[in-house]
file upload-v4.cif (mmCIF, C-alpha atoms)
data_entry
loop_
_atom_site.label_atom_id
_atom_site.label_comp_id
_atom_site.auth_asym_id
_atom_site.auth_seq_id
_atom_site.Cartn_x
_atom_site.Cartn_y
_atom_site.Cartn_z
CA MET A 1 -51.81 72.64 -155.00
CA THR A 2 -54.96 74.53 -153.99
CA MET A 3 -57.03 75.92 -156.83
CA LYS A 4 -60.19 78.02 -156.80
CA LEU A 5 -62.52 77.90 -159.77
CA GLU A 6 -64.93 80.76 -160.43
CA ILE A 7 -67.93 80.05 -162.67
CA LEU A 8 -68.39 83.05 -164.97
CA ALA A 9 -71.28 81.87 -167.13
CA LYS A 10 -73.50 78.87 -167.87
CA GLU A 11 -75.46 78.36 -171.04
CA VAL A 12 -77.34 75.63 -172.86
CA ILE A 13 -76.16 75.17 -176.46
CA ARG A 14 -78.66 73.65 -178.89
CA PRO A 15 -78.12 72.23 -182.39
CA ASP A 16 -78.41 74.85 -185.12
CA SER A 17 -80.35 72.42 -187.33
CA PRO A 18 -83.29 70.39 -185.94
CA ASN A 19 -83.68 67.96 -188.86
CA HIS A 20 -82.79 64.57 -187.45
CA LEU A 21 -84.05 61.33 -185.93
CA GLN A 22 -86.32 61.83 -182.91
CA THR A 23 -85.62 58.66 -180.91
CA LEU A 24 -82.39 56.71 -180.56
CA HIS A 25 -82.54 53.28 -178.93
CA LEU A 26 -79.73 52.39 -176.56
CA SER A 27 -77.94 49.15 -177.32
CA LEU A 28 -77.67 46.09 -175.12
CA PHE A 29 -74.37 47.21 -173.60
CA ASP A 30 -75.34 50.90 -173.45
CA GLN A 31 -78.09 49.82 -171.06
CA PHE A 32 -75.68 47.81 -168.94
CA LEU A 33 -72.99 50.49 -168.60
CA PRO A 34 -72.98 52.57 -165.41
CA SER A 35 -74.09 56.19 -165.69
CA THR A 36 -70.75 57.95 -166.04
CA TYR A 37 -69.15 60.46 -168.38
CA VAL A 38 -66.31 59.76 -170.79
CA SER A 39 -64.20 62.89 -170.36
CA ALA A 40 -61.04 64.50 -171.63
CA ILE A 41 -59.51 67.92 -171.02
CA PHE A 42 -57.34 69.77 -173.54
CA PHE A 43 -54.83 72.40 -172.37
CA TYR A 44 -53.72 75.25 -174.67
CA ASP A 45 -51.16 78.01 -174.16
CA ASP A 46 -51.71 80.10 -177.33
CA HIS A 47 -54.19 82.68 -176.10
CA GLN A 48 -54.20 86.32 -175.01
CA PRO A 49 -56.59 87.58 -172.28
CA ASN A 50 -58.24 90.13 -174.62
CA GLN A 51 -59.30 87.28 -176.95
CA GLU A 52 -61.55 85.52 -174.43
CA GLU A 53 -64.89 86.67 -175.82
CA THR A 54 -63.87 85.86 -179.39
CA LEU A 55 -62.68 82.42 -178.31
CA VAL A 56 -65.83 81.58 -176.37
CA HIS A 57 -68.09 82.82 -179.18
CA ARG A 58 -66.30 80.65 -181.72
CA LEU A 59 -66.48 77.60 -179.46
CA LYS A 60 -70.22 78.04 -178.79
CA LYS A 61 -71.13 78.66 -182.44
CA SER A 62 -69.11 75.66 -183.68
CA LEU A 63 -70.49 73.48 -180.87
CA SER A 64 -74.02 74.28 -182.02
CA GLN A 65 -73.06 73.29 -185.57
CA THR A 66 -71.45 70.06 -184.38
CA LEU A 67 -74.47 69.10 -182.28
CA SER A 68 -76.54 69.08 -185.47
CA LEU A 69 -74.48 66.05 -186.53
CA PHE A 70 -74.12 64.52 -183.05
CA TYR A 71 -77.72 65.33 -182.16
CA PRO A 72 -78.30 62.57 -179.53
CA LEU A 73 -75.80 64.39 -177.30
CA ALA A 74 -78.28 67.28 -177.17
CA GLY A 75 -81.10 64.98 -176.06
CA ARG A 76 -82.27 63.31 -172.87
CA ILE A 77 -82.24 59.64 -171.88
CA LYS A 78 -85.68 58.28 -171.11
CA GLU A 79 -86.23 55.31 -168.78
CA GLY A 80 -82.68 54.11 -169.40
CA VAL A 81 -83.50 52.63 -172.81
CA THR A 82 -83.88 55.44 -175.36
CA VAL A 83 -82.54 58.91 -176.10
CA ASP A 84 -85.21 61.50 -176.80
CA CYS A 85 -83.43 63.63 -179.41
CA ASN A 86 -85.39 66.71 -178.41
CA ASP A 87 -82.62 69.31 -178.86
CA GLU A 88 -82.71 70.09 -175.15
CA GLY A 89 -79.08 71.02 -175.59
CA ALA A 90 -75.64 70.59 -174.07
CA LEU A 91 -74.32 72.45 -171.03
CA PHE A 92 -71.59 75.02 -171.72
CA ILE A 93 -69.69 76.55 -168.80
CA LYS A 94 -67.14 79.36 -168.78
CA ALA A 95 -64.86 79.48 -165.74
CA ARG A 96 -61.68 81.05 -164.44
CA ALA A 97 -58.96 79.42 -162.34
CA ASN A 98 -56.75 81.35 -159.94
CA VAL A 99 -53.62 79.43 -161.00
CA LEU A 100 -51.24 79.55 -163.94
CA LEU A 101 -51.39 76.98 -166.71
CA LEU A 102 -47.79 76.15 -165.87
CA ASP A 103 -48.86 75.37 -162.29
CA VAL A 104 -51.16 72.66 -163.63
CA LEU A 105 -48.54 71.27 -166.02
CA ARG A 106 -46.05 71.06 -163.15
CA ASN A 107 -48.48 69.02 -161.05
CA PRO A 108 -49.31 66.27 -163.54
CA SER A 109 -50.03 63.60 -160.95
CA ASP A 110 -52.70 65.73 -159.26
CA ALA A 111 -55.73 63.91 -160.68
CA ASP A 112 -58.00 65.70 -158.18
CA LEU A 113 -57.03 68.99 -159.84
CA VAL A 114 -57.80 67.61 -163.30
CA HIS A 115 -61.15 66.29 -162.05
CA LYS A 116 -62.07 69.67 -160.59
CA LEU A 117 -61.35 71.32 -163.94
CA ILE A 118 -63.56 68.81 -165.78
CA VAL A 119 -66.54 68.13 -163.53
CA SER A 120 -69.77 70.07 -163.88
CA PRO A 121 -70.81 72.07 -160.79
CA ASP A 122 -74.48 71.33 -161.46
CA HIS A 123 -74.47 67.66 -160.49
CA ALA A 124 -74.91 66.70 -164.14
CA ASP A 125 -76.44 63.26 -164.63
CA PRO A 126 -75.05 61.24 -167.56
CA GLY A 127 -78.01 58.89 -167.20
CA THR A 128 -80.55 61.62 -168.03
CA TRP A 129 -79.23 65.15 -168.88
CA PRO A 130 -76.98 66.73 -169.98
CA LEU A 131 -75.52 64.03 -172.19
CA LEU A 132 -72.74 66.45 -173.09
CA HIS A 133 -71.19 69.15 -170.99
CA VAL A 134 -68.30 71.42 -171.89
CA LYS A 135 -66.25 73.61 -169.61
CA VAL A 136 -63.85 76.27 -170.86
CA VAL A 137 -61.42 77.33 -168.14
CA PHE A 138 -59.15 80.39 -168.41
CA PHE A 139 -56.01 80.47 -166.30
CA ARG A 140 -54.32 83.46 -164.70
CA ASP A 141 -51.89 83.76 -167.56
CA ARG A 142 -52.53 83.27 -171.28
CA GLY A 143 -53.55 79.62 -171.12
CA PHE A 144 -56.94 77.96 -171.22
CA ALA A 145 -58.45 74.47 -171.18
CA VAL A 146 -61.46 72.86 -172.87
CA ALA A 147 -63.02 69.96 -170.95
CA VAL A 148 -65.44 67.73 -172.85
CA SER A 149 -67.65 65.12 -171.15
CA ALA A 150 -70.07 62.84 -173.01
CA SER A 151 -72.41 60.30 -171.46
CA HIS A 152 -70.97 56.78 -171.58
CA LYS A 153 -74.49 55.62 -172.39
CA VAL A 154 -74.01 57.17 -175.84
CA CYS A 155 -70.24 57.43 -176.39
CA ASP A 156 -67.06 55.47 -175.85
CA ALA A 157 -63.57 57.01 -176.01
CA ALA A 158 -63.34 56.61 -179.79
CA SER A 159 -66.73 58.36 -180.15
CA LEU A 160 -65.50 61.21 -177.95
CA SER A 161 -62.43 61.56 -180.16
CA MET A 162 -64.59 61.74 -183.30
CA PHE A 163 -66.85 64.34 -181.69
CA VAL A 164 -63.89 66.53 -180.72
CA ARG A 165 -62.39 66.17 -184.22
CA SER A 166 -65.68 67.30 -185.78
CA TRP A 167 -65.98 70.21 -183.33
CA THR A 168 -62.43 71.44 -184.02
CA ASN A 169 -63.11 71.31 -187.77
CA ALA A 170 -66.24 73.41 -187.32
CA ALA A 171 -64.36 75.89 -185.13
CA LYS A 172 -61.86 76.44 -187.96
CA GLY A 173 -64.63 76.81 -190.55
CA PHE A 174 -63.92 73.52 -192.32
CA ALA A 175 -66.62 71.32 -193.82
CA ASP A 176 -67.13 68.33 -191.56
CA THR A 177 -65.92 64.96 -192.81
CA VAL A 178 -66.92 62.81 -189.83
CA ASN A 179 -70.57 62.07 -190.81
CA PRO A 180 -71.25 60.09 -187.62
CA GLU A 181 -73.52 57.06 -187.66
CA PHE A 182 -75.47 56.11 -184.53
CA ALA A 183 -75.74 52.38 -185.08
CA ALA A 184 -75.09 50.81 -181.67
CA SER A 185 -78.59 49.38 -181.31
CA VAL A 186 -78.24 47.76 -184.74
CA PHE A 187 -74.92 46.13 -183.91
CA PHE A 188 -75.86 45.26 -180.31
CA PRO A 189 -79.69 44.99 -180.30
CA PRO A 190 -81.37 46.25 -177.10
CA ALA A 191 -81.63 43.80 -174.23
CA ASP A 192 -84.55 41.61 -173.37
CA ILE A 193 -85.65 42.97 -169.99
CA SER A 194 -85.43 39.42 -168.62
CA ILE A 195 -81.62 39.47 -168.96
CA GLU A 196 -79.98 40.20 -165.62
CA PHE A 197 -76.33 41.13 -165.27
CA PRO A 198 -74.41 40.69 -162.02
CA PRO A 199 -74.63 43.82 -159.86
CA LEU A 200 -71.58 46.05 -160.00
CA LEU A 201 -69.33 45.99 -156.94
CA GLU A 202 -69.44 49.20 -154.95
CA HIS A 203 -66.00 50.35 -153.85
CA GLU A 204 -66.10 51.65 -150.29
CA ALA A 205 -62.37 52.34 -149.95
CA LYS A 206 -61.23 55.80 -151.00
CA SER A 207 -59.30 55.68 -154.25
CA LYS A 208 -56.37 57.64 -155.63
CA THR A 209 -55.47 58.36 -159.24
CA LYS A 210 -51.97 59.13 -160.50
CA SER A 211 -50.37 59.39 -163.91
CA PHE A 212 -47.15 57.67 -164.97
CA VAL A 213 -45.29 58.45 -168.20
CA PHE A 214 -43.37 55.87 -170.22
CA GLY A 215 -40.88 57.38 -172.68
CA PRO A 216 -40.07 55.79 -176.07
CA LEU A 217 -36.67 54.45 -174.99
CA MET A 218 -38.02 52.71 -171.90
CA ILE A 219 -40.98 51.38 -173.85
CA ASP A 220 -38.56 49.72 -176.27
CA LYS A 221 -36.72 48.11 -173.35
CA LEU A 222 -40.01 46.97 -171.80
CA LYS A 223 -41.18 45.49 -175.13
CA ILE A 224 -38.00 43.42 -175.32
CA ARG A 225 -38.60 42.13 -171.81
CA ALA A 226 -42.27 41.41 -172.52
CA SER A 227 -41.64 39.56 -175.78
CA CYS A 228 -41.18 35.81 -175.88
CA SER A 229 -39.96 33.94 -178.95
CA LEU A 230 -42.40 31.08 -178.39
CA LEU A 231 -45.53 32.88 -177.17
CA VAL A 232 -45.42 36.49 -178.43
CA PRO A 233 -42.29 37.23 -180.50
CA GLN A 234 -43.00 40.97 -180.62
CA ALA A 235 -45.13 42.53 -177.89
CA THR A 236 -46.80 45.87 -178.59
CA ARG A 237 -46.25 48.93 -176.40
CA VAL A 238 -49.83 48.73 -175.05
CA GLU A 239 -49.49 45.00 -174.26
CA SER A 240 -46.11 45.54 -172.56
CA ILE A 241 -47.18 48.51 -170.43
CA THR A 242 -50.48 46.84 -169.52
CA ALA A 243 -48.70 43.68 -168.37
CA LEU A 244 -46.21 45.66 -166.24
CA LEU A 245 -48.95 47.74 -164.63
CA LEU A 246 -51.11 44.71 -163.88
CA SER A 247 -48.15 42.92 -162.33
CA CYS A 248 -47.45 45.85 -160.01
CA MET A 249 -51.12 46.58 -159.28
CA THR A 250 -51.87 43.03 -158.23
CA LYS A 251 -48.73 42.91 -156.07
CA SER A 252 -49.93 46.01 -154.22
CA ARG A 253 -53.09 44.25 -153.04
CA ARG A 254 -51.55 41.03 -151.69
CA PRO A 255 -50.56 42.12 -148.15
CA LYS A 256 -54.22 42.91 -147.43
CA THR A 257 -55.24 39.33 -146.68
CA GLN A 258 -53.83 35.81 -146.42
CA ALA A 259 -56.95 34.24 -147.91
CA VAL A 260 -57.02 33.29 -151.58
CA THR A 261 -59.25 35.74 -153.42
CA GLU A 262 -60.39 36.00 -157.02
CA PHE A 263 -60.02 39.01 -159.26
CA ALA A 264 -60.81 39.75 -162.88
CA ILE A 265 -59.04 41.72 -165.61
CA THR A 266 -60.82 43.34 -168.53
CA HIS A 267 -59.01 44.96 -171.45
CA THR A 268 -61.33 47.03 -173.63
CA MET A 269 -60.87 46.51 -177.37
CA ASN A 270 -62.21 49.00 -179.91
CA LEU A 271 -64.16 46.95 -182.47
CA ARG A 272 -64.12 49.55 -185.26
CA PRO A 273 -60.67 48.78 -186.73
CA ARG A 274 -61.11 45.03 -186.19
CA VAL A 275 -64.41 44.16 -187.87
CA PRO A 276 -65.41 44.44 -191.54
CA LEU A 277 -66.74 47.79 -192.76
CA SER A 278 -69.76 45.92 -194.07
CA PHE A 279 -71.32 45.76 -190.63
CA LEU A 280 -69.58 48.46 -188.58
CA PRO A 281 -68.60 51.82 -190.12
CA ARG A 282 -65.38 53.35 -188.83
CA LYS A 283 -67.34 56.48 -187.92
CA ALA A 284 -69.94 54.64 -185.85
CA ILE A 285 -70.80 56.51 -182.64
CA GLY A 286 -71.66 54.49 -179.56
CA ASN A 287 -70.13 51.81 -177.38
CA PHE A 288 -68.46 49.50 -179.88
CA PHE A 289 -66.04 47.54 -177.76
CA PHE A 290 -65.17 43.96 -176.97
CA LEU A 291 -64.57 43.23 -173.30
CA PRO A 292 -62.62 39.98 -172.81
CA LEU A 293 -62.26 38.64 -169.30
CA LEU A 294 -59.21 37.16 -167.59
CA LYS A 295 -59.92 35.49 -164.25
CA GLU A 296 -57.06 35.17 -161.78
CA THR A 297 -56.52 34.54 -158.06
CA SER A 298 -54.35 36.19 -155.46
CA GLU A 299 -51.99 33.22 -155.73
CA THR A 300 -51.28 34.05 -159.39
CA ARG A 301 -47.94 35.64 -160.13
CA MET A 302 -48.64 38.08 -162.95
CA GLU A 303 -45.44 37.47 -164.88
CA ILE A 304 -45.10 40.02 -167.67
CA GLN A 305 -44.44 37.62 -170.56
CA GLU A 306 -47.26 35.32 -169.50
CA THR A 307 -49.70 38.24 -169.12
CA VAL A 308 -48.78 39.54 -172.58
CA SER A 309 -49.44 36.06 -173.94
CA LYS A 310 -52.90 36.04 -172.31
CA LEU A 311 -53.69 39.48 -173.67
CA ARG A 312 -52.61 38.45 -177.17
CA LYS A 313 -54.75 35.33 -176.93
CA THR A 314 -57.85 37.44 -176.28
CA LYS A 315 -57.15 39.33 -179.52
CA GLU A 316 -56.83 36.04 -181.38
CA GLU A 317 -60.10 34.82 -179.86
CA LEU A 318 -61.84 37.99 -181.03
CA ASN A 319 -60.44 37.50 -184.53
CA GLU A 320 -61.87 33.97 -184.51
CA LEU A 321 -65.29 35.33 -183.54
CA ILE A 322 -65.14 37.83 -186.39
CA THR A 323 -63.88 35.37 -189.00
CA LYS A 324 -66.56 33.52 -190.92
CA ASP A 325 -67.37 30.08 -189.54
CA PRO A 326 -67.54 27.40 -192.30
CA GLU A 327 -70.76 26.16 -190.69
CA ASP A 328 -72.36 29.55 -191.36
CA SER A 329 -72.27 29.11 -195.16
CA ASN A 330 -76.04 29.28 -195.43
CA THR A 331 -76.45 32.35 -193.25
CA ASN A 332 -75.51 36.00 -193.36
CA SER A 333 -71.87 35.95 -192.24
CA ASP A 334 -71.97 39.48 -190.82
CA GLU A 335 -74.98 38.70 -188.66
CA ALA A 336 -73.44 35.42 -187.53
CA ALA A 337 -70.25 37.26 -186.47
CA LYS A 338 -72.29 39.82 -184.53
CA GLU A 339 -74.14 37.04 -182.73
CA ARG A 340 -70.86 35.32 -181.78
CA ILE A 341 -69.45 38.59 -180.41
CA ILE A 342 -72.60 39.34 -178.40
CA SER A 343 -72.74 35.81 -177.03
CA ALA A 344 -69.09 35.97 -175.92
CA MET A 345 -69.60 39.40 -174.29
CA LEU A 346 -72.66 38.22 -172.39
CA SER A 347 -70.78 35.14 -171.25
CA PHE A 348 -67.88 37.24 -169.94
CA LEU A 349 -70.16 39.65 -168.10
CA CYS A 350 -72.13 36.87 -166.44
CA GLU A 351 -68.91 35.25 -165.25
CA VAL A 352 -67.86 38.29 -163.23
CA SER A 353 -68.54 37.76 -159.55
CA PRO A 354 -69.92 40.85 -157.76
CA GLU A 355 -67.45 40.16 -154.94
CA ALA A 356 -64.41 39.98 -157.21
CA GLU A 357 -62.15 42.98 -157.70
CA THR A 358 -61.99 43.95 -161.39
CA TYR A 359 -59.01 45.68 -162.98
CA ALA A 360 -60.30 47.54 -166.05
CA VAL A 361 -57.76 48.54 -168.68
CA SER A 362 -58.67 50.87 -171.55
CA SER A 363 -56.33 52.17 -174.25
CA TRP A 364 -57.00 55.60 -175.75
CA CYS A 365 -53.80 55.42 -177.79
CA ARG A 366 -53.89 56.29 -181.50
CA MET A 367 -57.17 58.20 -181.05
CA SER A 368 -55.74 61.55 -182.20
CA PHE A 369 -56.60 63.53 -179.07
CA TYR A 370 -53.46 65.65 -179.54
CA GLU A 371 -54.74 66.77 -182.95
CA ALA A 372 -57.56 68.78 -181.33
CA ASP A 373 -56.83 72.23 -182.78
CA PHE A 374 -59.73 74.69 -182.44
CA GLY A 375 -57.74 77.32 -184.31
CA TRP A 376 -55.29 78.27 -181.56
CA GLY A 377 -52.82 75.44 -182.07
CA PHE A 378 -52.53 71.89 -180.78
CA PRO A 379 -52.94 71.13 -177.07
CA VAL A 380 -49.83 71.09 -174.89
CA TRP A 381 -51.39 68.36 -172.77
CA VAL A 382 -54.47 66.12 -172.83
CA ALA A 383 -55.76 64.23 -169.79
CA PRO A 384 -58.73 61.92 -169.16
CA ASP A 385 -61.00 62.15 -166.17
CA THR A 386 -61.05 59.24 -163.75
CA VAL A 387 -63.74 57.18 -162.07
CA ASP A 388 -63.76 55.65 -158.62
CA LYS A 389 -62.53 52.10 -159.19
CA THR A 390 -59.45 50.06 -160.02
CA GLN A 391 -58.66 51.03 -163.56
CA VAL A 392 -56.01 52.00 -166.08
CA VAL A 393 -56.40 54.45 -168.96
CA LEU A 394 -53.52 54.59 -171.44
CA MET A 395 -53.07 57.69 -173.61
CA ASP A 396 -50.50 58.79 -176.13
CA ALA A 397 -47.92 61.22 -174.81
CA LYS A 398 -47.63 64.45 -176.79
CA ASP A 399 -44.76 63.09 -178.90
CA GLY A 400 -46.98 60.25 -180.12
CA GLU A 401 -44.42 57.63 -179.13
CA GLY A 402 -44.55 57.70 -175.34
CA VAL A 403 -47.53 56.62 -173.27
CA GLU A 404 -49.15 58.23 -170.24
CA ALA A 405 -50.85 55.76 -167.91
CA TRP A 406 -53.58 56.98 -165.55
CA VAL A 407 -53.94 54.46 -162.74
CA THR A 408 -56.70 54.41 -160.12
CA LEU A 409 -56.35 52.25 -157.00
CA PRO A 410 -57.50 52.29 -153.37
CA GLU A 411 -55.27 54.73 -151.49
CA THR A 412 -53.53 52.01 -149.48
CA GLU A 413 -52.68 50.08 -152.65
CA MET A 414 -51.54 53.19 -154.51
CA ALA A 415 -49.07 53.93 -151.70
CA VAL A 416 -47.42 50.57 -152.45
CA PHE A 417 -47.87 50.64 -156.23
CA GLU A 418 -46.24 54.01 -156.90
CA HIS A 419 -43.04 52.93 -155.12
CA ASP A 420 -42.75 49.55 -156.83
CA ASP A 421 -39.12 49.23 -157.94
CA GLU A 422 -40.07 47.10 -160.93
CA MET A 423 -42.20 49.93 -162.33
CA LEU A 424 -39.94 52.82 -161.34
CA VAL A 425 -37.26 51.45 -163.67
CA TYR A 426 -39.43 52.26 -166.70
CA ILE A 427 -41.30 55.47 -165.90
CA THR A 428 -40.22 59.03 -166.72
CA PRO A 429 -40.88 61.96 -164.38
CA SER A 430 -44.07 63.22 -166.03
CA ALA A 431 -43.63 66.92 -165.22
CA SER A 432 -40.47 67.06 -167.34
CA VAL A 433 -42.42 65.75 -170.32
CA ARG A 434 -45.05 68.51 -170.27
CA THR A 435 -43.03 71.60 -169.42
CA LYS A 436 -40.23 71.30 -171.98
#

call {"tool": "encode", "arguments": {"input": "upload-v4.cif", "output": "structure tokens"}}
result
Amino acid sequence: MTMKLEILAKEVIRPDSPNHLQTLHLSLFDQFLPSTYVSAIFFYDDHQPNQEETLVHRLKKSLSQTLSLFYPLAGRIKEGVTVDCNDEGALFIKARANVLLLDVLRNPSDADLVHKLIVSPDHADPGTWPLLHVKVVFFRDRGFAVAVSASHKVCDAASLSMFVRSWTNAAKGFADTVNPEFAASVFFPPADISIEFPPLLEHEAKSKTKSFVFGPLMIDKLKIRASCSLLVPQATRVESITALLLSCMTKSRRPKTQAVTEFAITHTMNLRPRVPLSFLPRKAIGNFFFLPLLKETSETRMEIQETVSKLRKTKEELNELITKDPEDSNTNSDEAAKERIISAMLSFLCEVSPEAETYAVSSWCRMSFYEADFGWGFPVWVAPDTVDKTQVVLMDAKDGEGVEAWVTLPETEMAVFEHDDEMLVYITPSASVRTK
């Protein structure tokens, strides 16, 4: 589907209260992360054309209020190591699309369309400024969308969810209950400049992103298949779907070469619900994740039960890092746990070969994105943006039970992957989920 997007207005929104910290230090892993945005777009159908100015005014006013709490997002990154919280502001764009909202909902696999709705036209740089940009897009009919992009140097997906929750509360006139804490540099102290990470592999092949929906019934069937009485008696929906996708993704790359090649799998884990509140608040804003590494070769058959077992083992290993070591009886147990986590993360990162393909899996499930009500009702659909690499982003479906998987692969591999019979058994036509 061809869509034209007209930019109607651009404005810089600044915090309405300037009383805050002036400099925020980026953490060890903030510094390592590539300069990208963490983005999500929220689609709404409860809107009349004559309400546009009222809607935009409310969004801008509440955004200014929210930036007073999330003030680093209105700043500028300096020399890749600090955020100058100078209230330079966030970029706010108003735009109009020449298509109906229903046209977008009926083309759910068109990730290029979603990307066009999200991306800033001003070549925004998440490594400098703006650290937050918002785009409000009105469709030809009564629908509209709100796209929110925050620099990955400052926010992870859970942070983005907390920001959106705070913004929606402000838009409805509620007192904010988020009270964010920017503590990443305390949990992961900034890097010694002598530390060198392996360079990131540049992907020259053109990639393709598509979404695949797993309904509750098929998830239950997949969980039964993925469970093993000896290894993992009861696989979770995220473990089961991840294992299936990895099996099919790795199969799609095998015809490319006869030589044995290495590849790596990372499965991002949100640390907030896993570590004690004593050293990581649940409302901490930043990149608070654990990134375990699975190393495989092209000869490996990614059997679903075995992959689930490996994924579960990484969770158990993280729990062991968090749990107090008896030998640490004379030290601060929280600090000792932090040091073990940092040491393990550094070890994993240094083990990644620049030449090895890396499959990155991230779960945004249970992050309440579908609760983003600015005062015009809940979104009818929420989608993430994608980046140019081999990756998977899992999100809750609107019903809260299904899962929508956004998969990015080189175009040649996607052509094989999307027709994999093993996967087609479990997926639901995604358009039928969003246009009911």

call {"tool": "residues_around", "arguments": {"input": "upload-v4.cif", "residues": "Ile304 in chain A", "least_positions_apart": "2", "cutoff": "9 Å", "atoms": "only C-alpha atoms", "output": "PyMOL selection string"}}
result
chain A and resi 225-227+240+242-244+246-247+302+306-309

call {"tool": "closest_atom_pairs", "arguments": {"input": "upload-v4.cif", "of": "range 49-104 of chain A", "to": "range 110-118 of chain A", "cutoff": "10 Å", "atoms": "all atoms listed in the file", "output": "CSV"}}
result
residue,atom,partner,partner_atom,distance
A:Ala95,CA,A:Leu117,CA,9.1
A:Arg96,CA,A:Leu117,CA,9.7
A:Ala97,CA,A:Leu117,CA,8.6
A:Val104,CA,A:Leu113,CA,7.9

call {"tool": "atom_distance", "arguments": {"input": "upload-v4.cif", "atom1": "CA of Val134 in chain A", "atom2": "CA of Ala150 in chain A"}}
result
8.8 Å

call {"tool": "resolve_selection", "arguments": {"input": "upload-v4.cif", "expression": "the PyMOL selection byres ((chain A and resi 384) around 6)", "output": "list in words"}}
result
Ser39, Ala40, Ala383 and Asp385 of chain A

call {"tool": "residues_around", "arguments": {"input": "upload-v4.cif", "residues": "Thr209 in chain A", "least_positions_apart": "6", "cutoff": "7 Å", "atoms": "all atoms listed in the file", "output": "PyMOL selection string"}}
result
chain A and resi 111+406-409

call {"tool": "residues_around", "arguments": {"input": "upload-v4.cif", "residues": "range 418-427 of chain A", "least_positions_apart": "5", "cutoff": "7 Å", "atoms": "all atoms listed in the file", "output": "list in words"}}
result
Phe212, Val213, Phe214, Met218 and Cys248 of chain A

call {"tool": "residues_around", "arguments": {"input": "upload-v4.cif", "residues": "Phe348 in chain A", "least_positions_apart": "4", "cutoff": "7 Å", "atoms": "only C-alpha atoms", "output": "list in words"}}
result
Pro292, Leu293, Ala344 and Val352 of chain A

call {"tool": "residues_around", "arguments": {"input": "upload-v4.cif", "residues": "Ala284 in chain A", "least_positions_apart": "4", "cutoff": "7 Å", "atoms": "only C-alpha atoms", "output": "list in words"}}
result
Pro180, Glu181, Phe182, Ala183 and Leu280 of chain A

call {"tool": "atom_distance", "arguments": {"input": "upload-v4.cif", "atom1": "CA of Gln391 in chain A", "atom2": "CA of Phe263 in chain A"}}
result
12.8 Å

call {"tool": "atom_distance", "arguments": {"input": "upload-v4.cif", "atom1": "CA of Thr54 in chain A", "atom2": "CA of Phe369 in chain A"}}
result
23.5 Å

call {"tool": "resolve_selection", "arguments": {"input": "upload-v4.cif", "expression": "the PyMOL selection byres ((chain A and resi 58-75) around 7)", "output": "MDAnalysis selection string"}}
result
chainID A and resid 13:18 54:57 76:77 83:90 131:132 166:167 170:171 180

call {"tool": "closest_residue", "arguments": {"input": "upload-v4.cif", "among": "A:Ser353, A:Ser368, A:Ser207, A:Thr428", "to": "Arg165 in chain A", "atoms": "all atoms listed in the file"}}
result
A:Ser368

call {"tool": "resolve_selection", "arguments": {"input": "upload-v4.cif", "expression": "the PyMOL selection byres ((chain A and resi 285) around 12)", "output": "CSV table (one decimal) with C-alpha atoms, keeping the file's coordinate frame"}}
result
chain,number,residue,atom,x,y,z
A,24,LEU,CA,-82.4,56.7,-180.6
A,26,LEU,CA,-79.7,52.4,-176.6
A,27,SER,CA,-77.9,49.2,-177.3
A,30,ASP,CA,-75.3,50.9,-173.4
A,69,LEU,CA,-74.5,66.0,-186.5
A,70,PHE,CA,-74.1,64.5,-183.0
A,71,TYR,CA,-77.7,65.3,-182.2
A,72,PRO,CA,-78.3,62.6,-179.5
A,73,LEU,CA,-75.8,64.4,-177.3
A,150,ALA,CA,-70.1,62.8,-173.0
A,151,SER,CA,-72.4,60.3,-171.5
A,152,HIS,CA,-71.0,56.8,-171.6
A,153,LYS,CA,-74.5,55.6,-172.4
A,154,VAL,CA,-74.0,57.2,-175.8
A,155,CYS,CA,-70.2,57.4,-176.4
A,156,ASP,CA,-67.1,55.5,-175.8
A,157,ALA,CA,-63.6,57.0,-176.0
A,158,ALA,CA,-63.3,56.6,-179.8
A,159,SER,CA,-66.7,58.4,-180.2
A,160,LEU,CA,-65.5,61.2,-178.0
A,161,SER,CA,-62.4,61.6,-180.2
A,162,MET,CA,-64.6,61.7,-183.3
A,163,PHE,CA,-66.8,64.3,-181.7
A,178,VAL,CA,-66.9,62.8,-189.8
A,179,ASN,CA,-70.6,62.1,-190.8
A,180,PRO,CA,-71.2,60.1,-187.6
A,181,GLU,CA,-73.5,57.1,-187.7
A,182,PHE,CA,-75.5,56.1,-184.5
A,183,ALA,CA,-75.7,52.4,-185.1
A,184,ALA,CA,-75.1,50.8,-181.7
A,185,SER,CA,-78.6,49.4,-181.3
A,186,VAL,CA,-78.2,47.8,-184.7
A,187,PHE,CA,-74.9,46.1,-183.9
A,270,ASN,CA,-62.2,49.0,-179.9
A,271,LEU,CA,-64.2,47.0,-182.5
A,272,ARG,CA,-64.1,49.6,-185.3
A,280,LEU,CA,-69.6,48.5,-188.6
A,281,PRO,CA,-68.6,51.8,-190.1
A,282,ARG,CA,-65.4,53.4,-188.8
A,283,LYS,CA,-67.3,56.5,-187.9
A,284,ALA,CA,-69.9,54.6,-185.8
A,286,GLY,CA,-71.7,54.5,-179.6
A,287,ASN,CA,-70.1,51.8,-177.4
A,288,PHE,CA,-68.5,49.5,-179.9
A,289,PHE,CA,-66.0,47.5,-177.8

call {"tool": "closest_residue", "arguments": {"input": "upload-v4.cif", "among": "A:Pro410, A:Trp376, A:Ser109, A:Asp46", "to": "Phe139 in chain A", "atoms": "only C-alpha atoms"}}
result
A:Asp46

call {"tool": "residues_near_point", "arguments": {"input": "upload-v4.cif", "point": "(-55.3, 43.9, -173.6)", "cutoff": "9 Å", "atoms": "all atoms listed in the file", "output": "NGL selection string"}}
result
:A and (238-239 or 242-243 or 266-269 or 292 or 308 or 310-312 or 314-315 or 361-363)
